[in-house]
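Visitor: Below: one structure in C-alpha cells.
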Amino acid sequence: MQSQQVTKFQKQVDSAVIGYLSLLERKELLAVSIEKYAPLSLLEPSVRGSILAIQDTLYASLMVELHAWLFDESTNSSNLSLYGLLEKLADDKTNPKHLKRYYVAPPKTINIGRADKSWHQNFKTERETKFDACFQDCALLIKELLASEEAIRIVSLRDKVLAHKDGMYDLKSNNHTVGEVFYLIDHMKLILISLIGLMTRTNYPVNEAETKAKAMAQCFWEHVACT
C-alpha cells in the first residue's frame with residue numbers, strides 16, 4: 001500500500017460506512033417483515049401480494065449493493081467499491097507501513113520537555129502493537145468473507161437474476177435464501193468497523209443506527225399487520 005493510496009482508501013471507507021448506514025433501513029425492513037410472517041400472513045391476499053413485492057425489491061437492492069462492495073473491479077476514479085482495498089488488505093504481501101505511520105501518530109500536544117517526549121513514545125509503542133493486531137484481524141475477516149460460499153453465490157444472484165434477466169434462473173431450486181444477504185451484511189459490518197479503526201480514527205454510530213432502523217421497521221410492520 002503506497003502513501004498516496006492511504007488517503008484514497010480513507011475516503012472509500014468513509015463513503016462505504018455512510019452507504020452502509022443508509023441501507024440499514026432497507027435491511028431491517030426486510031428482516032422484520034420475515035420475523036413478523038405470522039401476523040402478516042393473515043392479511044388479505046392483495047396486501048400479502050404487495051408485501052411480497054416490497055420484500056423482493058428490498059432483497060434485490062441489497063444484493064446489488066453487496067455485489068458492488070465485494071466484487072466491483074472498476075478502475076473508475078469515482079468508483080466507491082471497497083474491492084481494491086479489501087483485496088490489498090487480504091494479500092499477505094501487503095506492506096501497511098504508510099497506514100501504520102498514520103495510525104500511530106500521536107495527537108498534537110504542547111511540548112513540555114522530556115515528559116512530553118516520553119508520553120509520545122509510549123503512545124506510539126502501544127499503538128504499534130494495537131495496529132498489528134487490528135490489521136491482522138481485519139485481513140482475516142476479509143479473507144474469510146471473500147472466500148465464503150455466501151460471497152461466491154452472490155455473484156450468481158447478481159449476474160443471473162438482476163444483470164441478465166432471462167427468467168431461467170430459479171432461486172429456490174438453487175437453494176438461495178435471504179440469509180445469504182443478511183450474512184454478508186453482518187460480516188461487512190464487522191469489516192467496516194475494523195476499517196474505521198484502522199483508516200479514519202473516527203467513530204461512527206453503526207450499532208446505534210442499526211438499533212434505530214430495527215425499531216422503525218418494527219413500528220412500520222406492526223402498523224401494517226393491524227390494518
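As shown in the C-alpha cells, the chain order sets the letters A, B, ...; within each chain, residues go from 1, and ligands are also counted from 1 in the order they appear.
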What are the DSSP helix (DSSP H, G or I) residues of segment 32-61 of chain A, as a list in words?
Guide: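 In segment 32-61 of chain A, DSSP puts these residues in helix (DSSP H, G or I): Val32, Ser33, Ile34, Glu35, Tyr37, Ala38, Pro39, Leu40, Pro45, Ser46, Val47, Arg48, Gly49, Ser50, Ile51, Leu52, Ala53, Ile54, Gln55, Asp56, Thr57, Leu58, Tyr59, Ala60 and Ser61 of chain A.
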Visitor: Nearest to Ser194 of chain A: which of A:Lys108, A:Lys130, A:Lys36, A:Arg48 is it, counting only C-alpha atoms?
Guide: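 Closest to Ser194 of chain A of all the choices is A:Lys130.
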Visitor: Please provide the set of residues having any atom within 9 Å of His187 of chain A, restricted to only C-alpha atoms, with same-chain residues fewer than 6 positions apart removed, written as a list in words.
Guide: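 My reading of the contact set: Leu141, Ile142 and Leu145 of chain A.
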Visitor: What is the atom CA of Ser41 of chain A to atom CA of Ala60 of chain A distance in Å?
Guide: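 Computing it gives 21.6 Å between the two atoms.
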Visitor: Report the closest atom pair, with its distance in Å rounded to one decimal, for each residue of segment 196-218 of chain A that has an atom no farther than 9 Å from segment 16-19 of chain A; count only C-alpha atoms, sort by chain and then rising residue number, and write it as JSON lines.
Guide:
```
{"residue": "A:Ile196", "atom": "CA", "partner": "A:Val17", "partner_atom": "CA", "distance": 8.2}
{"residue": "A:Tyr204", "atom": "CA", "partner": "A:Val17", "partner_atom": "CA", "distance": 8.0}
{"residue": "A:Val206", "atom": "CA", "partner": "A:Val17", "partner_atom": "CA", "distance": 8.2}
```
Visitor: For Leu70 of chain A, please output as a ChimeraX atom specification all residues within 9 Å (counting only C-alpha atoms; exclusion window: fewer than 6 positions along the same chain).
Guide: /A:81-83,86,146,151
